[in-house]
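Peer 1: Hey, dropping input_28.csv in here, CSV, C-alpha atoms and all ligand atoms:
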chain,number,residue,atom,x,y,z
A,96,MET,CA,37.2,-175.4,-55.9
A,97,ARG,CA,37.4,-172.1,-54.0
A,98,THR,CA,39.8,-172.1,-51.1
A,99,LEU,CA,38.1,-170.9,-47.9
A,100,TRP,CA,40.6,-172.4,-45.5
A,101,PRO,CA,42.7,-171.7,-43.4
A,102,ALA,CA,40.6,-169.1,-41.5
A,103,ARG,CA,40.5,-168.1,-37.9
A,104,ALA,CA,37.3,-168.4,-35.8
A,105,GLY,CA,38.0,-167.1,-32.3
A,106,ASP,CA,40.8,-169.2,-30.9
A,107,LEU,CA,40.3,-171.9,-33.5
A,108,VAL,CA,42.1,-172.3,-36.9
A,109,LEU,CA,39.7,-173.8,-39.4
A,110,ARG,CA,41.6,-175.7,-42.1
A,111,ARG,CA,41.6,-178.8,-44.2
A,112,PRO,CA,42.9,-181.9,-42.4
A,113,GLN,CA,46.3,-183.4,-43.2
A,114,PRO,CA,46.3,-187.0,-44.5
A,115,SER,CA,48.1,-188.1,-41.3
A,116,GLU,CA,45.2,-186.8,-39.2
A,117,LEU,CA,42.5,-188.8,-41.0
A,118,ASP,CA,42.7,-191.9,-38.7
A,119,ASP,CA,42.1,-189.7,-35.6
A,120,LEU,CA,39.3,-187.9,-37.4
A,121,LEU,CA,37.7,-191.1,-38.3
A,122,ALA,CA,37.9,-192.3,-34.7
A,123,LEU,CA,36.2,-189.1,-33.6
A,124,ARG,CA,33.5,-189.3,-36.3
A,125,ASN,CA,32.7,-192.9,-35.2
A,126,ASP,CA,33.0,-192.3,-31.5
A,127,PRO,CA,29.6,-193.4,-30.0
A,128,ALA,CA,29.8,-190.7,-27.3
A,129,CYS,CA,30.1,-188.2,-30.1
A,130,ASN,CA,27.7,-189.4,-32.7
A,131,ARG,CA,24.7,-190.1,-30.4
A,132,PHE,CA,22.8,-187.4,-32.1
A,133,MET,CA,24.3,-187.7,-35.6
A,134,MET,CA,22.1,-189.0,-38.4
A,135,ARG,CA,24.8,-191.4,-39.5
A,136,THR,CA,26.3,-193.2,-36.4
A,137,HIS,CA,29.0,-194.9,-38.4
A,138,VAL,CA,30.9,-193.9,-41.5
A,139,GLU,CA,32.9,-196.4,-43.6
A,140,PRO,CA,36.7,-195.7,-43.4
A,141,GLU,CA,37.2,-195.8,-47.2
A,142,THR,CA,34.3,-193.4,-47.9
A,143,PHE,CA,35.5,-191.1,-45.1
A,144,ARG,CA,39.1,-190.9,-46.4
A,145,ARG,CA,37.9,-190.4,-50.0
A,146,GLU,CA,35.6,-187.6,-49.1
A,147,TRP,CA,38.3,-185.8,-47.2
A,148,LEU,CA,41.1,-186.4,-49.7
A,149,SER,CA,39.1,-185.5,-52.8
A,150,PRO,CA,36.0,-183.5,-51.7
A,151,GLY,CA,33.3,-183.0,-54.2
A,152,ASP,CA,32.4,-179.6,-55.7
A,153,GLY,CA,30.6,-177.7,-53.0
A,154,ASP,CA,32.0,-179.6,-50.1
A,155,HIS,CA,33.8,-177.0,-47.9
A,156,SER,CA,34.2,-179.1,-44.8
A,157,CYS,CA,37.0,-178.4,-42.4
A,158,VAL,CA,38.6,-179.3,-39.1
A,159,ALA,CA,39.0,-176.9,-36.2
A,160,ALA,CA,42.4,-176.9,-34.5
A,161,LEU,CA,43.1,-175.4,-31.1
A,162,ASP,CA,46.8,-174.8,-30.2
A,163,GLY,CA,47.7,-177.0,-33.2
A,164,ARG,CA,45.5,-179.9,-32.2
A,165,VAL,CA,42.3,-181.0,-34.1
A,166,VAL,CA,39.3,-180.7,-31.7
A,167,ALA,CA,36.3,-180.6,-34.0
A,168,ILE,CA,35.0,-181.2,-37.5
A,169,GLY,CA,32.8,-178.7,-39.4
A,170,PHE,CA,30.7,-179.6,-42.4
A,171,LEU,CA,29.7,-177.1,-45.0
A,172,GLU,CA,28.0,-178.3,-48.1
A,173,VAL,CA,26.7,-176.0,-50.8
A,174,GLU,CA,23.3,-177.1,-52.1
A,175,ASP,CA,20.5,-176.1,-54.4
A,176,GLY,CA,17.3,-174.8,-52.9
A,177,MET,CA,13.8,-175.7,-54.1
A,178,GLY,CA,12.4,-173.9,-57.1
A,179,GLN,CA,11.1,-173.8,-60.6
A,180,PRO,CA,13.1,-173.8,-63.8
A,181,GLY,CA,15.6,-170.9,-63.9
A,182,MET,CA,16.3,-171.0,-60.2
A,183,PRO,CA,20.0,-170.1,-59.5
A,184,ARG,CA,21.9,-173.2,-58.4
A,185,GLY,CA,24.1,-173.6,-55.4
A,186,THR,CA,22.9,-170.6,-53.5
A,187,GLN,CA,22.6,-172.2,-50.0
A,188,ALA,CA,24.5,-174.6,-47.7
A,189,SER,CA,23.9,-176.9,-44.9
A,190,ILE,CA,26.3,-177.0,-41.9
A,191,GLY,CA,27.1,-179.6,-39.3
A,192,TYR,CA,29.7,-180.0,-36.6
A,193,LEU,CA,31.0,-182.3,-33.9
A,194,VAL,CA,33.5,-181.6,-31.2
A,195,SER,CA,35.8,-184.0,-29.5
A,196,PRO,CA,34.2,-184.9,-26.1
A,197,GLY,CA,37.2,-183.8,-24.1
A,198,HIS,CA,36.6,-180.2,-25.5
A,199,TRP,CA,32.9,-179.9,-24.9
A,200,GLY,CA,31.5,-176.9,-23.0
A,201,ARG,CA,34.4,-174.6,-23.9
A,202,GLY,CA,32.8,-172.7,-26.8
A,203,VAL,CA,34.4,-174.7,-29.6
A,204,ALA,CA,31.2,-175.4,-31.5
A,205,SER,CA,29.9,-171.9,-31.0
A,206,ALA,CA,33.1,-170.5,-32.5
A,207,LEU,CA,33.2,-173.1,-35.3
A,208,VAL,CA,29.6,-172.4,-36.4
A,209,GLY,CA,30.5,-168.7,-36.5
A,210,GLY,CA,33.4,-169.5,-38.8
A,211,LEU,CA,31.2,-171.7,-41.0
A,212,LEU,CA,28.6,-168.9,-41.3
A,213,THR,CA,31.3,-166.3,-42.1
A,214,ALA,CA,32.7,-168.6,-44.8
A,215,ALA,CA,29.2,-169.2,-46.2
A,216,PHE,CA,28.0,-165.7,-46.3
A,217,ASP,CA,31.1,-163.4,-46.5
A,218,HIS,CA,33.3,-165.6,-48.7
A,219,LEU,CA,31.0,-167.8,-50.7
A,220,GLY,CA,28.3,-165.2,-51.0
A,221,LEU,CA,25.5,-167.7,-50.3
A,222,ARG,CA,22.0,-166.5,-49.5
A,223,ARG,CA,20.8,-169.1,-47.0
A,224,VAL,CA,22.3,-171.6,-44.5
A,225,THR,CA,20.5,-174.4,-42.8
A,226,ALA,CA,21.3,-176.8,-40.0
A,227,GLY,CA,19.4,-179.8,-38.6
A,228,CYS,CA,19.5,-181.4,-35.2
A,229,ASN,CA,17.5,-183.6,-32.9
A,230,ALA,CA,15.2,-181.7,-30.6
A,231,ASP,CA,16.8,-183.4,-27.6
A,232,ASN,CA,20.3,-182.1,-28.5
A,233,HIS,CA,20.0,-179.1,-26.3
A,234,ALA,CA,23.7,-178.1,-26.6
A,235,SER,CA,23.4,-178.1,-30.3
A,236,THR,CA,20.2,-176.0,-30.4
A,237,ARG,CA,22.0,-173.5,-28.1
A,238,VAL,CA,25.0,-173.3,-30.4
A,239,LEU,CA,22.8,-172.6,-33.4
A,240,GLU,CA,20.7,-170.0,-31.5
A,241,LYS,CA,23.8,-168.3,-30.1
A,242,ASN,CA,24.9,-167.8,-33.7
A,243,GLY,CA,21.6,-166.1,-34.6
A,244,MET,CA,20.0,-169.1,-36.5
A,245,ARG,CA,16.2,-169.2,-36.5
A,246,ARG,CA,14.3,-172.4,-35.7
A,247,GLU,CA,12.0,-172.6,-38.7
A,248,GLN,CA,10.8,-176.2,-38.6
A,249,HIS,CA,9.9,-178.6,-35.8
A,250,GLY,CA,9.5,-182.0,-37.4
A,251,VAL,CA,7.4,-184.1,-35.2
A,252,GLU,CA,8.8,-187.6,-35.0
A,253,ASP,CA,10.6,-187.0,-38.3
A,254,SER,CA,14.0,-188.6,-37.3
A,255,TRP,CA,15.0,-192.1,-36.4
A,256,HIS,CA,17.3,-192.4,-33.4
A,257,ALA,CA,19.0,-195.8,-32.9
A,258,ASP,CA,18.3,-195.8,-29.1
A,259,LEU,CA,15.2,-193.7,-28.8
A,260,GLY,CA,13.2,-194.6,-31.9
A,261,TRP,CA,11.3,-191.8,-33.7
A,262,VAL,CA,12.2,-188.4,-32.3
A,263,ASP,CA,11.5,-184.8,-33.2
A,264,GLY,CA,14.0,-182.9,-35.3
A,265,TYR,CA,14.6,-179.2,-35.7
A,266,THR,CA,15.7,-177.3,-38.8
A,267,TYR,CA,17.4,-174.0,-38.2
A,268,ALA,CA,18.2,-171.4,-40.9
A,269,LEU,CA,19.7,-168.0,-41.5
A,270,LEU,CA,19.6,-165.7,-44.5
A,271,ALA,CA,22.5,-163.5,-45.7
A,272,ARG,CA,20.4,-160.4,-45.0
A,273,GLU,CA,19.8,-161.5,-41.4
A,274,TRP,CA,23.5,-162.2,-41.0
A,275,ARG,CA,24.4,-158.8,-42.3
A,276,ALA,CA,21.8,-157.1,-40.0
A,277,ARG,CA,23.2,-158.7,-36.9
A,301,LIG,C1,26.7,-180.4,-29.5
A,301,LIG,C2,28.2,-180.0,-29.5
A,301,LIG,C3,28.6,-179.7,-30.9
A,301,LIG,C4,28.4,-178.8,-28.6
A,301,LIG,O1,29.7,-178.4,-28.7
A,301,LIG,P1,30.5,-177.5,-27.6
A,301,LIG,O2,31.8,-177.1,-28.1
A,301,LIG,O3,30.4,-178.2,-26.3
A,301,LIG,O4,29.4,-176.3,-27.6
A,301,LIG,P2,29.7,-174.8,-26.9
A,301,LIG,O5,30.6,-175.0,-25.7
A,301,LIG,O6,30.2,-173.9,-28.0
A,301,LIG,O7,28.3,-174.3,-26.5
A,301,LIG,C5,27.4,-175.2,-25.9
A,301,LIG,C6,26.2,-174.4,-25.3
A,301,LIG,O8,25.2,-175.3,-25.0
A,301,LIG,C7,24.9,-175.3,-23.6
A,301,LIG,N1,24.6,-176.6,-23.2
A,301,LIG,C8,25.4,-177.7,-23.1
A,301,LIG,N2,24.7,-178.7,-22.6
A,301,LIG,C9,23.4,-178.3,-22.5
A,301,LIG,C10,22.2,-178.9,-22.1
A,301,LIG,N3,22.2,-180.2,-21.8
A,301,LIG,N4,21.1,-178.2,-22.1
A,301,LIG,C11,21.1,-176.9,-22.5
A,301,LIG,N5,22.2,-176.2,-22.9
A,301,LIG,C12,23.4,-177.0,-22.9
A,301,LIG,C13,26.2,-174.7,-23.0
A,301,LIG,O9,26.0,-174.1,-21.7
A,301,LIG,C14,26.6,-173.7,-24.1
A,301,LIG,O10,25.8,-172.5,-24.0
A,301,LIG,P3,26.3,-171.2,-23.3
A,301,LIG,O11,27.6,-170.8,-24.0
A,301,LIG,O12,25.2,-170.2,-23.4
A,301,LIG,O13,26.6,-171.5,-21.9
A,301,LIG,C15,29.0,-181.1,-28.9
A,301,LIG,O14,28.5,-181.5,-27.7
A,301,LIG,C16,29.1,-182.3,-29.8
A,301,LIG,O15,30.0,-182.4,-30.7
A,301,LIG,N6,28.2,-183.3,-29.6
A,301,LIG,C17,28.3,-184.5,-30.4
A,301,LIG,C18,28.0,-184.3,-31.9
A,301,LIG,C19,26.7,-183.5,-32.1
A,301,LIG,O16,25.7,-183.7,-31.4
A,301,LIG,N7,26.8,-182.7,-33.1
A,301,LIG,C20,25.7,-181.8,-33.5
A,301,LIG,C21,24.7,-182.6,-34.3
A,301,LIG,S1,23.4,-181.5,-34.8
Can you turn what I pasted into structure tokens?
Peer 2:
Amino acid sequence: MRTLWPARAGDLVLRRPQPSELDDLLALRNDPACNRFMMRTHVEPETFRREWLSPGDGDHSCVAALDGRVVAIGFLEVEDGMGQPGMPRGTQASIGYLVSPGHWGRGVASALVGGLLTAAFDHLGLRRVTAGCNADNHASTRVLEKNGMRREQHGVEDSWHADLGWVDGYTYALLAREWRAR
């Protein structure tokens, strides 16, 4: 698999996690304060470890370290688009992110998303990147819009939220040519 990491994104270093960091990462991923707006609110420890220790083809997820300490997780998964026979494969990616609650509001997610987009467009040469979030996740929509992503779908009651029931979801996207034109 192509090695994208380590890379700098503002004050962050984006890199693969060390095996010794996986327990803390799992606690962050399963922290109810943090996964309130995540689609999966709990991940199984074994699955989580396996996915980080031997990522599948196209999985370029990373952690973000600030002053040597992991403060966020960034997901970057290469995918196929929709199309007819002959369509080139693996030309787009979806991204996701979560930041340790103690570090919210300091620009970590904004810098991390910038790093994920740089990796996707400048290093993997992808043509399109998407991100989904709940419409009520205002900090997340702000992070995506600050990075130039376009809201291109408002899914009315398309997402199930464990506390709120059916809620609206947004899909954001950015094309490589839009990225280059910024
Ligand atoms: C959403 C999340 C990633 C934001 O991370 P962060 O590092 O705090 O984000 P940043 O500091 O880079 O930027 C947050 C932006 O949202 C704004 N913001 C924060 N809370 C807000 C709110 N309730 N309404 C509107 N804007 C808000 C901030 O002011 C900031 O914008 P600004 O730079 O223009 O002032 C973080 O809260 C998180 O990990 N939440 C839990 C997991 C999650 O929801 N992940 C995303 C799933 S789609």
Peer 1: Can you tell me how far atom C8 of ligand LIG 301 (chain A) sits from atom CA of A:Leu207, in Å to one decimal?
Peer 2: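 Taking atom C8 of ligand LIG 301 (chain A) as the start and atom CA of A:Leu207 as the end point, the length is 15.2 Å.
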Peer 1: I'd like the neighbourhood of A:Gln187 as a PDB file with C-alpha atoms, in the frame of the given file, where a residue qualifies if any of its atoms comes within 12 Å (using all atoms listed in the file), though same-chain residues fewer than 6 positions away should be ignored.
Peer 2:
ATOM      1  CA  GLY A 153      30.600-177.700 -53.000  1.00  0.00           C
ATOM      2  CA  ASP A 154      32.000-179.600 -50.100  1.00  0.00           C
ATOM      3  CA  LEU A 171      29.700-177.100 -45.000  1.00  0.00           C
ATOM      4  CA  GLU A 172      28.000-178.300 -48.100  1.00  0.00           C
ATOM      5  CA  VAL A 173      26.700-176.000 -50.800  1.00  0.00           C
ATOM      6  CA  GLU A 174      23.300-177.100 -52.100  1.00  0.00           C
ATOM      7  CA  ASP A 175      20.500-176.100 -54.400  1.00  0.00           C
ATOM      8  CA  GLY A 176      17.300-174.800 -52.900  1.00  0.00           C
ATOM      9  CA  MET A 177      13.800-175.700 -54.100  1.00  0.00           C
ATOM     10  CA  LEU A 212      28.600-168.900 -41.300  1.00  0.00           C
ATOM     11  CA  ALA A 214      32.700-168.600 -44.800  1.00  0.00           C
ATOM     12  CA  ALA A 215      29.200-169.200 -46.200  1.00  0.00           C
ATOM     13  CA  PHE A 216      28.000-165.700 -46.300  1.00  0.00           C
ATOM     14  CA  LEU A 219      31.000-167.800 -50.700  1.00  0.00           C
ATOM     15  CA  GLY A 220      28.300-165.200 -51.000  1.00  0.00           C
ATOM     16  CA  LEU A 221      25.500-167.700 -50.300  1.00  0.00           C
ATOM     17  CA  ARG A 222      22.000-166.500 -49.500  1.00  0.00           C
ATOM     18  CA  ARG A 223      20.800-169.100 -47.000  1.00  0.00           C
ATOM     19  CA  VAL A 224      22.300-171.600 -44.500  1.00  0.00           C
ATOM     20  CA  THR A 225      20.500-174.400 -42.800  1.00  0.00           C
ATOM     21  CA  ALA A 226      21.300-176.800 -40.000  1.00  0.00           C
ATOM     22  CA  ALA A 268      18.200-171.400 -40.900  1.00  0.00           C
ATOM     23  CA  LEU A 269      19.700-168.000 -41.500  1.00  0.00           C
ATOM     24  CA  LEU A 270      19.600-165.700 -44.500  1.00  0.00           C
ATOM     25  CA  ALA A 271      22.500-163.500 -45.700  1.00  0.00           C
TER      26      ALA A 271
END
Peer 1: For a quick check of understanding, using only C-alpha atoms, which of A:Gly169, A:Gly209, A:Gly227, A:Pro127 has the smallest distance to A:Leu193?
Peer 2: A:Gly169
Peer 1: Can you build me a table of chain A residues sitting at most 10 Å from ligand LIG 301 (chain A), with the closest atom pair per residue and its distance in Å to one decimal, using all atoms listed in the file, sorted by chain and residue number, as JSON lines?
Peer 2:
{"residue": "A:Leu123", "atom": "CA", "partner": "A:LIG301", "partner_atom": "O15", "distance": 9.6}
{"residue": "A:Arg124", "atom": "CA", "partner": "A:LIG301", "partner_atom": "C18", "distance": 8.6}
{"residue": "A:Asp126", "atom": "CA", "partner": "A:LIG301", "partner_atom": "C17", "distance": 9.2}
{"residue": "A:Pro127", "atom": "CA", "partner": "A:LIG301", "partner_atom": "C17", "distance": 9.0}
{"residue": "A:Ala128", "atom": "CA", "partner": "A:LIG301", "partner_atom": "C17", "distance": 7.1}
{"residue": "A:Cys129", "atom": "CA", "partner": "A:LIG301", "partner_atom": "C17", "distance": 4.1}
{"residue": "A:Asn130", "atom": "CA", "partner": "A:LIG301", "partner_atom": "C18", "distance": 5.2}
{"residue": "A:Arg131", "atom": "CA", "partner": "A:LIG301", "partner_atom": "O16", "distance": 6.6}
{"residue": "A:Phe132", "atom": "CA", "partner": "A:LIG301", "partner_atom": "O16", "distance": 4.8}
{"residue": "A:Met133", "atom": "CA", "partner": "A:LIG301", "partner_atom": "C21", "distance": 5.3}
{"residue": "A:Met134", "atom": "CA", "partner": "A:LIG301", "partner_atom": "C21", "distance": 8.0}
{"residue": "A:Val166", "atom": "CA", "partner": "A:LIG301", "partner_atom": "O2", "distance": 9.1}
{"residue": "A:Ala167", "atom": "CA", "partner": "A:LIG301", "partner_atom": "O15", "distance": 7.3}
{"residue": "A:Ile168", "atom": "CA", "partner": "A:LIG301", "partner_atom": "O15", "distance": 8.5}
{"residue": "A:Gly169", "atom": "CA", "partner": "A:LIG301", "partner_atom": "C3", "distance": 9.5}
{"residue": "A:Ile190", "atom": "CA", "partner": "A:LIG301", "partner_atom": "S1", "distance": 8.9}
{"residue": "A:Gly191", "atom": "CA", "partner": "A:LIG301", "partner_atom": "S1", "distance": 6.1}
{"residue": "A:Tyr192", "atom": "CA", "partner": "A:LIG301", "partner_atom": "N7", "distance": 5.3}
{"residue": "A:Leu193", "atom": "CA", "partner": "A:LIG301", "partner_atom": "O15", "distance": 3.4}
{"residue": "A:Val194", "atom": "CA", "partner": "A:LIG301", "partner_atom": "O15", "distance": 3.6}
{"residue": "A:Ser195", "atom": "CA", "partner": "A:LIG301", "partner_atom": "O15", "distance": 6.1}
{"residue": "A:Pro196", "atom": "CA", "partner": "A:LIG301", "partner_atom": "O15", "distance": 6.7}
{"residue": "A:Gly197", "atom": "CA", "partner": "A:LIG301", "partner_atom": "O3", "distance": 9.1}
{"residue": "A:His198", "atom": "CA", "partner": "A:LIG301", "partner_atom": "O2", "distance": 6.3}
{"residue": "A:Trp199", "atom": "CA", "partner": "A:LIG301", "partner_atom": "O3", "distance": 3.3}
{"residue": "A:Gly200", "atom": "CA", "partner": "A:LIG301", "partner_atom": "O5", "distance": 3.4}
{"residue": "A:Arg201", "atom": "CA", "partner": "A:LIG301", "partner_atom": "O5", "distance": 4.2}
{"residue": "A:Gly202", "atom": "CA", "partner": "A:LIG301", "partner_atom": "O6", "distance": 3.1}
{"residue": "A:Val203", "atom": "CA", "partner": "A:LIG301", "partner_atom": "O2", "distance": 3.8}
{"residue": "A:Ala204", "atom": "CA", "partner": "A:LIG301", "partner_atom": "O2", "distance": 3.8}
{"residue": "A:Ser205", "atom": "CA", "partner": "A:LIG301", "partner_atom": "O6", "distance": 3.6}
{"residue": "A:Ala206", "atom": "CA", "partner": "A:LIG301", "partner_atom": "O6", "distance": 6.3}
{"residue": "A:Leu207", "atom": "CA", "partner": "A:LIG301", "partner_atom": "O6", "distance": 7.9}
{"residue": "A:Val208", "atom": "CA", "partner": "A:LIG301", "partner_atom": "O6", "distance": 8.6}
{"residue": "A:Gly209", "atom": "CA", "partner": "A:LIG301", "partner_atom": "O6", "distance": 10.0}
{"residue": "A:Ala226", "atom": "CA", "partner": "A:LIG301", "partner_atom": "S1", "distance": 7.3}
{"residue": "A:Gly227", "atom": "CA", "partner": "A:LIG301", "partner_atom": "S1", "distance": 5.8}
{"residue": "A:Cys228", "atom": "CA", "partner": "A:LIG301", "partner_atom": "S1", "distance": 3.9}
{"residue": "A:Asn229", "atom": "CA", "partner": "A:LIG301", "partner_atom": "S1", "distance": 6.5}
{"residue": "A:Ala230", "atom": "CA", "partner": "A:LIG301", "partner_atom": "S1", "distance": 9.2}
{"residue": "A:Asp231", "atom": "CA", "partner": "A:LIG301", "partner_atom": "N3", "distance": 8.5}
{"residue": "A:Asn232", "atom": "CA", "partner": "A:LIG301", "partner_atom": "O16", "distance": 6.3}
{"residue": "A:His233", "atom": "CA", "partner": "A:LIG301", "partner_atom": "N4", "distance": 4.4}
{"residue": "A:Ala234", "atom": "CA", "partner": "A:LIG301", "partner_atom": "O8", "distance": 3.6}
{"residue": "A:Ser235", "atom": "CA", "partner": "A:LIG301", "partner_atom": "C1", "distance": 4.1}
{"residue": "A:Thr236", "atom": "CA", "partner": "A:LIG301", "partner_atom": "O8", "distance": 7.4}
{"residue": "A:Arg237", "atom": "CA", "partner": "A:LIG301", "partner_atom": "O8", "distance": 4.8}
{"residue": "A:Val238", "atom": "CA", "partner": "A:LIG301", "partner_atom": "O7", "distance": 5.2}
{"residue": "A:Leu239", "atom": "CA", "partner": "A:LIG301", "partner_atom": "C6", "distance": 9.0}
{"residue": "A:Glu240", "atom": "CA", "partner": "A:LIG301", "partner_atom": "O12", "distance": 9.3}
{"residue": "A:Lys241", "atom": "CA", "partner": "A:LIG301", "partner_atom": "O12", "distance": 7.1}
{"residue": "A:Asn242", "atom": "CA", "partner": "A:LIG301", "partner_atom": "O6", "distance": 9.9}
{"residue": "A:Gly264", "atom": "CA", "partner": "A:LIG301", "partner_atom": "S1", "distance": 9.5}
{"residue": "A:Tyr265", "atom": "CA", "partner": "A:LIG301", "partner_atom": "S1", "distance": 9.1}
{"residue": "A:Thr266", "atom": "CA", "partner": "A:LIG301", "partner_atom": "S1", "distance": 9.6}
Peer 1: Go ahead and dump the residues you just picked, C-alpha atoms, as a compact mmCIF listing (two decimals), in the coordinates of the input.
Peer 2:
# COMPACT_ATOMS: atom_id res chain seq x y z
CA LEU A 123 36.20 -189.10 -33.60
CA ARG A 124 33.50 -189.30 -36.30
CA ASP A 126 33.00 -192.30 -31.50
CA PRO A 127 29.60 -193.40 -30.00
CA ALA A 128 29.80 -190.70 -27.30
CA CYS A 129 30.10 -188.20 -30.10
CA ASN A 130 27.70 -189.40 -32.70
CA ARG A 131 24.70 -190.10 -30.40
CA PHE A 132 22.80 -187.40 -32.10
CA MET A 133 24.30 -187.70 -35.60
CA MET A 134 22.10 -189.00 -38.40
CA VAL A 166 39.30 -180.70 -31.70
CA ALA A 167 36.30 -180.60 -34.00
CA ILE A 168 35.00 -181.20 -37.50
CA GLY A 169 32.80 -178.70 -39.40
CA ILE A 190 26.30 -177.00 -41.90
CA GLY A 191 27.10 -179.60 -39.30
CA TYR A 192 29.70 -180.00 -36.60
CA LEU A 193 31.00 -182.30 -33.90
CA VAL A 194 33.50 -181.60 -31.20
CA SER A 195 35.80 -184.00 -29.50
CA PRO A 196 34.20 -184.90 -26.10
CA GLY A 197 37.20 -183.80 -24.10
CA HIS A 198 36.60 -180.20 -25.50
CA TRP A 199 32.90 -179.90 -24.90
CA GLY A 200 31.50 -176.90 -23.00
CA ARG A 201 34.40 -174.60 -23.90
CA GLY A 202 32.80 -172.70 -26.80
CA VAL A 203 34.40 -174.70 -29.60
CA ALA A 204 31.20 -175.40 -31.50
CA SER A 205 29.90 -171.90 -31.00
CA ALA A 206 33.10 -170.50 -32.50
CA LEU A 207 33.20 -173.10 -35.30
CA VAL A 208 29.60 -172.40 -36.40
CA GLY A 209 30.50 -168.70 -36.50
CA ALA A 226 21.30 -176.80 -40.00
CA GLY A 227 19.40 -179.80 -38.60
CA CYS A 228 19.50 -181.40 -35.20
CA ASN A 229 17.50 -183.60 -32.90
CA ALA A 230 15.20 -181.70 -30.60
CA ASP A 231 16.80 -183.40 -27.60
CA ASN A 232 20.30 -182.10 -28.50
CA HIS A 233 20.00 -179.10 -26.30
CA ALA A 234 23.70 -178.10 -26.60
CA SER A 235 23.40 -178.10 -30.30
CA THR A 236 20.20 -176.00 -30.40
CA ARG A 237 22.00 -173.50 -28.10
CA VAL A 238 25.00 -173.30 -30.40
CA LEU A 239 22.80 -172.60 -33.40
CA GLU A 240 20.70 -170.00 -31.50
CA LYS A 241 23.80 -168.30 -30.10
CA ASN A 242 24.90 -167.80 -33.70
CA GLY A 264 14.00 -182.90 -35.30
CA TYR A 265 14.60 -179.20 -35.70
CA THR A 266 15.70 -177.30 -38.80
Peer 1: Tell me which protein, DNA and RNA residues are within 9 Å of stretch 106-119 of chain A, counting only C-alpha atoms, leaving out same-chain ones fewer than 5 positions away, and put them as an MDAnalysis selection string.
Peer 2: chainID A and resid 99:101 124 140 143:144 147:148 155:163 165 168:169 203 206:207 210:211
Peer 1: Work out how far apart atom CA of A:His137 and atom CA of A:Asn125 are and give it in Å to one decimal.
Peer 2: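 Taking atom CA of A:His137 as the start and atom CA of A:Asn125 as the end point, the length is 5.3 Å.
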Peer 1: In Å, with one decimal, what is the gap from atom CA of A:Ser189 to atom CA of A:Met244?
Peer 2: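 One can read the atom CA of A:Ser189 to atom CA of A:Met244 distance as 12.1 Å.
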